[in-house]
>>> print(open('work15.cif').read())   # mmCIF, C-alpha atoms and all ligand atoms
data_query
#
loop_
_atom_site.label_atom_id
_atom_site.label_comp_id
_atom_site.auth_asym_id
_atom_site.auth_seq_id
_atom_site.Cartn_x
_atom_site.Cartn_y
_atom_site.Cartn_z
CA MET A 1 8.20 -11.14 -1.14
CA TRP A 2 5.19 -12.95 -2.48
CA HIS A 3 6.31 -16.41 -3.21
CA GLU A 4 7.75 -17.86 -0.05
CA ARG A 5 6.50 -18.19 3.49
CA ILE A 6 9.57 -17.35 5.50
CA GLN A 7 8.12 -18.75 8.69
CA ASP A 8 7.92 -22.23 7.13
CA PHE A 9 11.61 -22.60 6.26
CA GLY A 10 13.09 -25.76 7.65
CA GLU A 11 16.34 -27.62 7.12
CA GLU A 12 18.29 -26.63 3.99
CA VAL A 13 18.48 -29.35 1.31
CA GLN A 14 21.80 -29.54 -0.52
CA PRO A 15 21.75 -30.26 -4.30
CA ASP A 16 23.23 -33.73 -3.81
CA SER A 17 21.21 -34.73 -0.74
CA THR A 18 18.05 -36.81 -0.95
CA PHE A 19 14.72 -36.81 0.85
CA ARG A 20 11.63 -38.97 0.69
CA PHE A 21 8.14 -37.61 0.25
CA GLU A 22 5.04 -38.97 -1.43
CA CYS A 23 1.54 -37.52 -1.46
CA HIS A 24 -1.56 -39.30 -2.78
CA GLY A 25 -5.28 -39.47 -2.33
CA SER A 26 -5.33 -42.64 -0.25
CA LEU A 27 -3.54 -41.03 2.70
CA SER A 28 -5.82 -40.09 5.58
CA CYS A 29 -4.31 -36.58 5.63
CA PHE A 30 -5.37 -35.94 2.00
CA GLY A 31 -6.33 -32.27 1.61
CA LYS A 32 -5.54 -31.30 5.21
CA CYS A 33 -2.61 -29.18 4.03
CA CYS A 34 -4.99 -27.12 1.85
CA ASN A 35 -6.10 -25.00 4.80
CA ALA A 36 -2.80 -23.10 4.81
CA GLU A 37 -2.58 -19.53 3.55
CA ILE A 38 -1.55 -19.67 -0.12
CA THR A 39 0.24 -16.64 -1.53
CA LEU A 40 -0.01 -16.25 -5.30
CA THR A 41 2.53 -14.99 -7.80
CA PRO A 42 1.46 -13.20 -11.00
CA TYR A 43 2.31 -16.36 -12.97
CA ASP A 44 0.10 -18.44 -10.65
CA ILE A 45 -2.75 -16.02 -11.32
CA ALA A 46 -2.13 -16.10 -15.07
CA ARG A 47 -2.41 -19.92 -15.11
CA MET A 48 -5.34 -20.18 -12.70
CA ARG A 49 -7.49 -17.54 -14.40
CA ARG A 50 -6.80 -19.23 -17.76
CA HIS A 51 -7.81 -22.59 -16.27
CA LEU A 52 -11.10 -21.06 -15.10
CA GLY A 53 -11.66 -19.20 -18.39
CA ILE A 54 -12.01 -15.81 -16.71
CA ASP A 55 -9.90 -12.67 -16.52
CA THR A 56 -8.02 -11.26 -13.55
CA ALA A 57 -10.74 -8.66 -12.92
CA ALA A 58 -13.11 -11.56 -12.11
CA PHE A 59 -10.51 -13.91 -10.61
CA LEU A 60 -9.16 -11.54 -7.95
CA PRO A 61 -12.44 -10.58 -6.22
CA GLY A 62 -13.91 -14.05 -6.73
CA TYR A 63 -11.10 -16.20 -5.39
CA CYS A 64 -8.53 -13.99 -3.65
CA ASN A 65 -7.87 -11.74 -0.72
CA THR A 66 -5.70 -8.76 -1.56
CA TYR A 67 -3.42 -6.91 0.84
CA THR A 68 -0.70 -4.32 1.03
CA ASP A 69 2.38 -5.15 3.08
CA ARG A 70 2.41 -2.40 5.71
CA ARG A 71 6.20 -2.33 5.92
CA THR A 72 7.13 -2.39 2.22
CA GLY A 73 3.95 -0.95 0.69
CA PHE A 74 4.00 -3.76 -1.89
CA PRO A 75 0.73 -5.59 -2.64
CA PHE A 76 0.22 -9.32 -2.20
CA VAL A 77 -2.57 -11.77 -2.92
CA THR A 78 -3.70 -14.94 -1.15
CA LEU A 79 -6.35 -17.52 -1.98
CA LYS A 80 -9.71 -17.27 -0.25
CA GLN A 81 -10.93 -20.04 1.97
CA GLY A 82 -14.00 -22.01 1.03
CA GLU A 83 -16.27 -24.04 3.26
CA ASP A 84 -14.72 -25.74 6.31
CA ASP A 85 -11.82 -23.28 6.28
CA GLY A 86 -10.13 -25.13 3.41
CA CYS A 87 -8.86 -23.57 0.19
CA ILE A 88 -11.59 -22.34 -2.13
CA PHE A 89 -10.39 -24.83 -4.77
CA LEU A 90 -10.41 -27.86 -2.50
CA GLY A 91 -13.07 -30.33 -3.54
CA ARG A 92 -13.97 -33.89 -2.49
CA ASP A 93 -11.37 -35.28 -4.89
CA GLY A 94 -8.65 -32.80 -3.98
CA CYS A 95 -7.53 -29.71 -5.87
CA SER A 96 -10.03 -28.75 -8.58
CA LEU A 97 -7.34 -27.04 -10.67
CA TYR A 98 -4.52 -29.45 -9.87
CA GLU A 99 -2.72 -29.10 -13.22
CA ASN A 100 -2.60 -25.33 -12.68
CA ARG A 101 -2.13 -25.27 -8.90
CA PRO A 102 0.04 -22.43 -7.66
CA SER A 103 3.79 -22.38 -7.01
CA CYS A 104 3.75 -22.88 -3.26
CA CYS A 105 1.39 -25.89 -3.50
CA ARG A 106 3.70 -27.45 -6.10
CA ASN A 107 6.81 -26.78 -4.05
CA TYR A 108 5.58 -28.35 -0.82
CA PRO A 109 7.36 -29.80 1.16
CA LEU A 110 10.21 -27.78 -0.35
CA ALA A 111 10.54 -24.03 0.10
CA ARG A 112 12.55 -22.12 -2.50
CA VAL A 113 14.42 -19.25 -0.90
CA ILE A 114 16.15 -16.48 -2.82
CA ASP A 115 18.74 -14.37 -1.04
CA GLU A 116 20.93 -11.58 -2.27
CA ASP A 117 24.62 -12.17 -1.64
CA TRP A 118 25.62 -8.84 -0.08
CA LYS A 119 29.23 -9.13 -1.30
CA SER A 120 28.57 -9.87 -4.97
CA ALA A 121 24.94 -8.59 -5.14
CA ASN A 122 24.12 -11.86 -6.95
CA ARG A 123 20.95 -13.74 -6.11
CA VAL A 124 21.42 -17.11 -4.46
CA VAL A 125 18.77 -19.83 -4.64
CA ARG A 126 18.46 -22.31 -1.76
CA TYR A 127 15.92 -25.03 -1.06
CA HIS A 128 14.66 -25.97 2.37
CA LEU A 129 12.66 -28.97 3.48
CA GLN A 130 9.74 -27.50 5.43
CA GLN A 131 9.00 -28.49 8.99
CA GLN A 132 6.85 -31.59 9.09
CA THR A 133 3.36 -30.83 10.35
CA THR A 134 1.88 -33.31 12.81
CA TYR A 135 -0.76 -34.44 10.30
CA CYS A 136 1.23 -34.74 7.04
CA GLU A 137 1.89 -38.42 6.32
CA GLY A 138 3.89 -37.82 3.13
CA PHE A 139 7.33 -37.53 4.76
CA GLY A 140 9.54 -40.63 4.62
CA ARG A 141 7.43 -42.32 1.92
CA GLY A 142 8.35 -43.28 -1.64
CA PRO A 143 11.72 -43.37 -3.41
CA ASP A 144 14.69 -41.09 -2.77
CA LEU A 145 14.23 -37.68 -4.38
CA THR A 146 16.57 -34.81 -5.09
CA VAL A 147 15.59 -31.18 -5.50
CA ASP A 148 16.00 -31.49 -9.27
CA SER A 149 13.82 -34.60 -9.52
CA TYR A 150 11.15 -33.00 -7.33
CA VAL A 151 11.16 -29.81 -9.39
CA GLU A 152 10.75 -31.83 -12.59
CA MET A 153 8.12 -34.17 -11.14
CA ASN A 154 5.97 -31.22 -10.09
CA GLY A 155 6.28 -29.22 -13.30
CA LEU A 156 7.96 -26.37 -11.46
CA GLY A 157 10.28 -25.30 -14.32
CA PRO A 158 8.01 -22.68 -15.93
CA TYR A 159 6.87 -21.43 -12.51
CA GLU A 160 10.44 -20.86 -11.30
CA LYS A 161 11.36 -19.16 -14.56
CA ALA A 162 8.39 -16.78 -14.51
CA ASN A 163 8.61 -16.07 -10.77
CA ASP A 164 12.32 -15.29 -11.06
CA VAL A 165 11.64 -12.88 -13.93
CA PHE A 166 9.38 -10.95 -11.57
CA LEU A 167 11.83 -10.68 -8.68
CA ASP A 168 13.16 -7.36 -9.97
CA VAL A 169 9.72 -5.79 -9.45
CA PRO A 170 9.50 -5.79 -5.62
CA PHE A 171 13.23 -5.01 -5.38
CA THR A 172 12.80 -1.97 -7.66
CA PHE A 173 9.63 -0.86 -5.88
CA ASN A 174 11.56 -1.02 -2.62
CA SER A 175 14.10 1.47 -3.99
CA LEU A 176 11.37 4.17 -4.32
CA PRO A 177 11.33 6.91 -1.70
CA LYS A 178 9.11 6.14 1.30
CA HIS A 179 6.46 8.74 0.41
CA LEU A 180 5.84 6.93 -2.91
CA LYS A 181 5.91 3.41 -1.45
CA GLN A 182 3.19 4.43 0.99
CA ASP A 183 1.14 6.43 -1.56
CA ARG A 184 -2.26 4.77 -2.13
CA ASP A 185 -2.40 5.77 -5.80
CA VAL A 186 1.05 4.35 -6.49
CA GLN A 187 0.20 1.16 -4.60
CA SER A 188 -3.05 0.82 -6.52
CA MET A 189 -1.31 1.33 -9.87
CA VAL A 190 1.30 -1.31 -9.01
CA PHE A 191 -1.39 -3.72 -7.80
CA ASP A 192 -3.33 -3.37 -11.04
CA ALA A 193 -0.28 -3.82 -13.23
CA VAL A 194 1.20 -6.73 -11.24
CA PHE A 195 -1.91 -8.72 -10.32
CA ASN A 196 -4.93 -7.36 -12.19
CA PHE A 197 -3.03 -7.33 -15.47
CA ASP A 198 -6.01 -8.19 -17.70
CA GLY A 199 -7.90 -5.24 -16.19
CA PHE A 200 -4.80 -3.09 -16.55
CA PHE A 201 -4.47 -3.89 -20.26
CA GLU A 202 -8.20 -3.32 -20.69
CA LYS A 203 -8.02 0.05 -18.96
CA TYR A 204 -4.93 1.43 -20.60
CA GLY A 205 -5.21 -0.27 -23.97
CA HIS A 206 -2.45 -2.23 -25.58
CA PHE A 207 0.92 -0.60 -25.57
CA PRO A 208 2.24 0.55 -28.94
CA HIS A 209 3.84 -2.23 -30.99
CA THR A 210 3.05 -4.72 -28.21
CA ALA A 211 0.66 -7.60 -28.67
CA VAL A 212 -0.48 -9.24 -25.42
CA PRO A 213 0.99 -12.76 -25.63
CA ASP A 214 -1.13 -15.89 -25.27
CA ASP A 215 1.76 -17.65 -23.56
CA ASP A 216 1.68 -16.95 -19.80
CA GLY A 217 5.48 -17.01 -19.47
CA GLU A 218 5.81 -14.37 -22.18
CA LEU A 219 2.96 -12.41 -20.62
CA ILE A 220 4.87 -12.26 -17.33
CA VAL A 221 7.98 -10.92 -19.09
CA LEU A 222 5.85 -8.21 -20.74
CA ILE A 223 4.15 -7.25 -17.46
CA ARG A 224 7.48 -7.18 -15.64
CA ASN A 225 8.92 -4.77 -18.21
CA ILE A 226 5.85 -2.50 -18.08
CA VAL A 227 5.78 -2.44 -14.28
CA LEU A 228 9.51 -1.74 -13.96
CA ASN A 229 9.10 1.13 -16.40
CA LEU A 230 6.12 2.50 -14.45
CA ILE A 231 7.94 2.31 -11.13
CA MET A 232 11.07 3.98 -12.48
CA LYS A 233 9.08 6.76 -14.20
CA THR A 234 7.08 7.32 -10.99
CA GLY A 235 10.35 7.71 -9.06
CA GLU A 236 11.77 10.14 -11.63
CA LEU A 237 8.63 12.29 -11.73
CA ASN A 238 8.17 12.42 -7.94
CA PRO A 239 11.57 12.82 -6.31
CA ASP A 240 11.87 12.60 -2.54
CA PRO A 241 10.92 16.07 -1.18
CA HIS A 242 13.24 15.52 1.80
CA SER A 243 16.40 14.75 -0.16
S1 LIG B 301 0.71 -36.05 2.45
FE1 LIG B 301 1.02 -33.97 3.25
S2 LIG B 301 0.96 -32.75 1.39
FE2 LIG B 301 -0.01 -34.71 0.87
S3 LIG B 301 -2.21 -34.44 1.30
FE3 LIG B 301 -1.28 -35.26 3.15
S4 LIG B 301 -0.88 -33.38 4.35
FE4 LIG B 301 -1.11 -32.73 2.26
S1 LIG B 302 -4.80 -24.47 -4.88
FE1 LIG B 302 -5.25 -26.65 -4.83
S2 LIG B 302 -3.40 -27.61 -3.97
FE2 LIG B 302 -3.32 -25.43 -3.48
S3 LIG B 302 -4.23 -25.22 -1.44
FE3 LIG B 302 -5.86 -24.90 -2.96
S4 LIG B 302 -6.81 -26.90 -3.25
FE4 LIG B 302 -4.82 -27.23 -2.25
#
>>> encode(input="work15.cif", output="C-alpha cells")
Amino acid sequence: MWHERIQDFGEEVQPDSTFRFECHGSLSCFGKCCNAEITLTPYDIARMRRHLGIDTAAFLPGYCNTYTDRRTGFPFVTLKQGEDDGCIFLGRDGCSLYENRPSCCRNYPLARVIDEDWKSANRVVRYHLQQQTTYCEGFGRGPDLTVDSYVEMNGLGPYEKANDVFLDVPFTFNSLPKHLKQDRDVQSMVFDAVFNFDGFFEKYGHFPHTAVPDDDGELIVLIRNIVLNLIMKTGELNPDPHS
C-alpha cells in the first residue's frame, strides 16, 4: 500500500478518545520530522504538481524517487531528499508547499490504517497515534483533539476521499496472476497510468467522450476507472499459463 507506513503504527485512537498535539514554527524541533521518507498517493501528486505549475512528467523525475515493490510488483513513489537530508520541499520557513503538502505529512501524528474484515470483506478504517520520536515536541501540547477535529483542522477530507477511491487499484492489481504482476511492461503501464497520469493522457490521447477534469478529486476518480479497466483487460488477455 502506498499511503501508510506500517512500521510507524502506534497506539490505536478510538473515535471518542482525545489526544493533545500542536506543531508550530517556534518549537526547536521545527522541520526535523521532514527527514522521514514520504510516500505519495496519486492525489498528493495531483495537488503538488498543480501547486508547482508543472505536469507529472516533470514532477516525478524532478522531485520523486520511484520504486516497484518486489513482493507485490506494484509501483510506489517517495519524495526526494534535498540538502542536509531533509525533504526536497523543506525550506528555512518550513514546507514550501504547505497548503498542498501530502497526505502522510497532514496525518502526522496520526496514521490512518485500512484493513479488510475477512468475515464481511468490508474495509475497516482505524486511526493510530504514532510512536513519539525523541525529538518531536508537539505531543502533549495544545487543546484536546479528537480524530475528527484533527482531520478537519488539517484539511484531510478531500485527501481521504481521493485516496480511498484509489484503494481498489492495488487490490485489483494484486489479483492478477504472478507472471503479470512481475512483468516489466505491465508494471510500467500501471506506473504511468497511476502516477505519471499527465504523461499517460498525453501519450494515449484523451479517452472517447472523456474530458480530463480540472478538479483533482474528479481526476483521481477518472484515473482509477481507467487503471482498473486496464488491469482487468490485461488479466483477461493474458491468462495464467499454469492454470
Ligand atoms: S512538533 Fe513534531 S511534527 Fe511539528 S515540527 Fe516538531 S517534530 Fe515536526
Ligand atoms: S512535503 Fe512539506 S511537510 Fe512534508 S516532509 Fe516535505 S517539507 Fe515536510
>>> residues_near_ligand(input="work15.cif", ligand="ligand LIG 302 (chain B)", cutoff="8 Å", atoms="all atoms listed in the file", output="list in words")
Gly31, Cys33, Cys34, Asn35, Ala36, Glu37, Ile38, Leu79, Gly86, Cys87, Ile88, Phe89, Leu90, Gly91, Gly94, Cys95, Ser96, Leu97, Tyr98, Arg101, Pro102, Cys104, Cys105 and Arg106 of chain A
>>> write_last_selection(input="work15.cif", atoms="C-alpha atoms", output="compact mmCIF listing (two decimals), in the frame of the given file")
# COMPACT_ATOMS: atom_id res chain seq x y z
CA GLY A 31 -6.33 -32.27 1.61
CA CYS A 33 -2.61 -29.18 4.03
CA CYS A 34 -4.99 -27.12 1.85
CA ASN A 35 -6.10 -25.00 4.80
CA ALA A 36 -2.80 -23.10 4.81
CA GLU A 37 -2.58 -19.53 3.55
CA ILE A 38 -1.55 -19.67 -0.12
CA LEU A 79 -6.35 -17.52 -1.98
CA GLY A 86 -10.13 -25.13 3.41
CA CYS A 87 -8.86 -23.57 0.19
CA ILE A 88 -11.59 -22.34 -2.13
CA PHE A 89 -10.39 -24.83 -4.77
CA LEU A 90 -10.41 -27.86 -2.50
CA GLY A 91 -13.07 -30.33 -3.54
CA GLY A 94 -8.65 -32.80 -3.98
CA CYS A 95 -7.53 -29.71 -5.87
CA SER A 96 -10.03 -28.75 -8.58
CA LEU A 97 -7.34 -27.04 -10.67
CA TYR A 98 -4.52 -29.45 -9.87
CA ARG A 101 -2.13 -25.27 -8.90
CA PRO A 102 0.04 -22.43 -7.66
CA CYS A 104 3.75 -22.88 -3.26
CA CYS A 105 1.39 -25.89 -3.50
CA ARG A 106 3.70 -27.45 -6.10
>>> residues_near_ligand(input="work15.cif", ligand="ligand LIG 301 (chain B)", cutoff="12 Å", atoms="all atoms listed in the file", output="ChimeraX atom specification")
/A:20-36,86,90,93-95,104-110,130-142
>>> residues_around(input="work15.cif", residues="Phe173 in chain A", least_positions_apart="3", cutoff="10 Å", atoms="only C-alpha atoms", output="list in words")
Thr72, Gly73, Phe74, Asp168, Val169, Pro170, Leu176, Pro177, Leu180, Lys181, Gln187, Val190, Val227, Leu228, Leu230, Ile231, Met232, Thr234 and Gly235 of chain A
>>> atom_distance(input="work15.cif", atom1="CA of Phe166 in chain A", atom2="CA of Gln81 in chain A")
26.0 Å
>>> residues_around(input="work15.cif", residues="Cys64 in chain A", least_positions_apart="2", cutoff="6 Å", atoms="only C-alpha atoms", output="PyMOL selection string")
chain A and resi 60-61+78-80
>>> atom_distance(input="work15.cif", atom1="CA of Leu145 in chain A", atom2="CA of Phe19 in chain A")
5.3 Å
>>> closest_residue(input="work15.cif", among="A:Asp148, A:Asp183, A:Glu116, A:Glu160", to="Gln14 in chain A", atoms="all atoms listed in the file")
A:Asp148
>>> atom_distance(input="work15.cif", atom1="CA of Arg50 in chain A", atom2="CA of Asp215 in chain A")
10.5 Å
>>> axis_aligned_box(input="work15.cif", around="range 143-154 of chain A", padding_each_side="6 Å", output="AutoDock Vina command-line options")
--center_x 11.3 --center_y -36.6 --center_z -7.7 --size_x 22.6 --size_y 25.6 --size_z 21.8
>>> residues_near_point(input="work15.cif", point="(20.4, -27.2, 3.0)", cutoff="8 Å", atoms="all atoms listed in the file", output="ChimeraX atom specification")
/A:11-14,126-129
>>> write_last_selection(input="work15.cif", atoms="C-alpha atoms", output="short mmCIF file (atom, residue, chain, number, x, y, z; two decimals), in the coordinates of the input")
data_model
loop_
_atom_site.label_atom_id
_atom_site.label_comp_id
_atom_site.auth_asym_id
_atom_site.auth_seq_id
_atom_site.Cartn_x
_atom_site.Cartn_y
_atom_site.Cartn_z
CA GLU A 11 16.34 -27.62 7.12
CA GLU A 12 18.29 -26.63 3.99
CA VAL A 13 18.48 -29.35 1.31
CA GLN A 14 21.80 -29.54 -0.52
CA ARG A 126 18.46 -22.31 -1.76
CA TYR A 127 15.92 -25.03 -1.06
CA HIS A 128 14.66 -25.97 2.37
CA LEU A 129 12.66 -28.97 3.48
#
>>> residues_around(input="work15.cif", residues="range 197-200 of chain A", least_positions_apart="2", cutoff="9 Å", atoms="all atoms listed in the file", output="PyMOL selection string")
chain A and resi 42+46+55-57+189+191-195+202-205+223
>>> write_last_selection(input="work15.cif", atoms="C-alpha atoms", output="mmCIF file, in the frame of the given file")
data_model
loop_
_atom_site.group_PDB
_atom_site.id
_atom_site.type_symbol
_atom_site.label_atom_id
_atom_site.label_comp_id
_atom_site.auth_asym_id
_atom_site.auth_seq_id
_atom_site.Cartn_x
_atom_site.Cartn_y
_atom_site.Cartn_z
ATOM 1 C CA PRO A 42 1.460 -13.200 -11.000
ATOM 2 C CA ALA A 46 -2.130 -16.100 -15.070
ATOM 3 C CA ASP A 55 -9.900 -12.670 -16.520
ATOM 4 C CA THR A 56 -8.020 -11.260 -13.550
ATOM 5 C CA ALA A 57 -10.740 -8.660 -12.920
ATOM 6 C CA MET A 189 -1.310 1.330 -9.870
ATOM 7 C CA PHE A 191 -1.390 -3.720 -7.800
ATOM 8 C CA ASP A 192 -3.330 -3.370 -11.040
ATOM 9 C CA ALA A 193 -0.280 -3.820 -13.230
ATOM 10 C CA VAL A 194 1.200 -6.730 -11.240
ATOM 11 C CA PHE A 195 -1.910 -8.720 -10.320
ATOM 12 C CA GLU A 202 -8.200 -3.320 -20.690
ATOM 13 C CA LYS A 203 -8.020 0.050 -18.960
ATOM 14 C CA TYR A 204 -4.930 1.430 -20.600
ATOM 15 C CA GLY A 205 -5.210 -0.270 -23.970
ATOM 16 C CA ILE A 223 4.150 -7.250 -17.460
#
>>> closest_residue(input="work15.cif", among="A:Lys178, A:Asp216, A:Lys233, A:Tyr67", to="His51 in chain A", atoms="only C-alpha atoms")
A:Asp216
>>> closest_residue(input="work15.cif", among="A:Arg224, A:Arg112, A:His179, A:Lys119", to="Leu167 in chain A", atoms="all atoms listed in the file")
A:Arg224
>>> closest_residue(input="work15.cif", among="A:Asn100, A:Asn225, A:Ser175, A:Thr66", to="Pro158 in chain A", atoms="only C-alpha atoms")
A:Asn100
>>> closest_residue(input="work15.cif", among="A:Glu99, A:Asp16, A:Asp84, A:Asp115", to="Phe171 in chain A", atoms="all atoms listed in the file")
A:Asp115
>>> decode(input="work15.cif", residues="range 129-162 of chain A", atoms="C-alpha atoms", output="mmCIF file, in the first residue's frame")
data_model
loop_
_atom_site.group_PDB
_atom_site.id
_atom_site.type_symbol
_atom_site.label_atom_id
_atom_site.label_comp_id
_atom_site.auth_asym_id
_atom_site.auth_seq_id
_atom_site.Cartn_x
_atom_site.Cartn_y
_atom_site.Cartn_z
ATOM 1 C CA LEU A 129 -1.303 7.698 17.267
ATOM 2 C CA GLN A 130 2.245 7.206 16.005
ATOM 3 C CA GLN A 131 5.125 6.485 18.335
ATOM 4 C CA GLN A 132 6.587 9.690 19.681
ATOM 5 C CA THR A 133 10.054 10.333 18.317
ATOM 6 C CA THR A 134 12.640 11.579 20.792
ATOM 7 C CA TYR A 135 12.836 14.985 19.100
ATOM 8 C CA CYS A 136 9.161 15.808 18.403
ATOM 9 C CA GLU A 137 7.961 18.377 20.940
ATOM 10 C CA GLY A 138 4.374 18.536 19.649
ATOM 11 C CA PHE A 139 2.949 15.738 21.811
ATOM 12 C CA GLY A 140 1.036 16.808 24.928
ATOM 13 C CA ARG A 141 0.670 20.425 23.759
ATOM 14 C CA GLY A 142 -2.462 22.405 22.915
ATOM 15 C CA PRO A 143 -6.141 21.623 23.480
ATOM 16 C CA ASP A 144 -7.760 18.181 23.467
ATOM 17 C CA LEU A 145 -8.289 16.874 19.945
ATOM 18 C CA THR A 146 -10.321 14.033 18.504
ATOM 19 C CA VAL A 147 -9.639 12.233 15.254
ATOM 20 C CA ASP A 148 -12.493 14.143 13.605
ATOM 21 C CA SER A 149 -11.252 17.541 14.758
ATOM 22 C CA TYR A 150 -7.705 16.712 13.647
ATOM 23 C CA VAL A 151 -8.899 15.541 10.231
ATOM 24 C CA GLU A 152 -10.870 18.761 9.772
ATOM 25 C CA MET A 153 -8.104 21.006 11.104
ATOM 26 C CA ASN A 154 -5.628 19.551 8.623
ATOM 27 C CA GLY A 155 -7.883 19.627 5.566
ATOM 28 C CA LEU A 156 -7.711 15.856 5.245
ATOM 29 C CA GLY A 157 -11.273 15.358 3.933
ATOM 30 C CA PRO A 158 -10.516 15.528 0.190
ATOM 31 C CA TYR A 159 -7.302 13.533 0.658
ATOM 32 C CA GLU A 160 -9.086 10.682 2.441
ATOM 33 C CA LYS A 161 -11.851 10.675 -0.149
ATOM 34 C CA ALA A 162 -9.473 10.540 -3.121
#
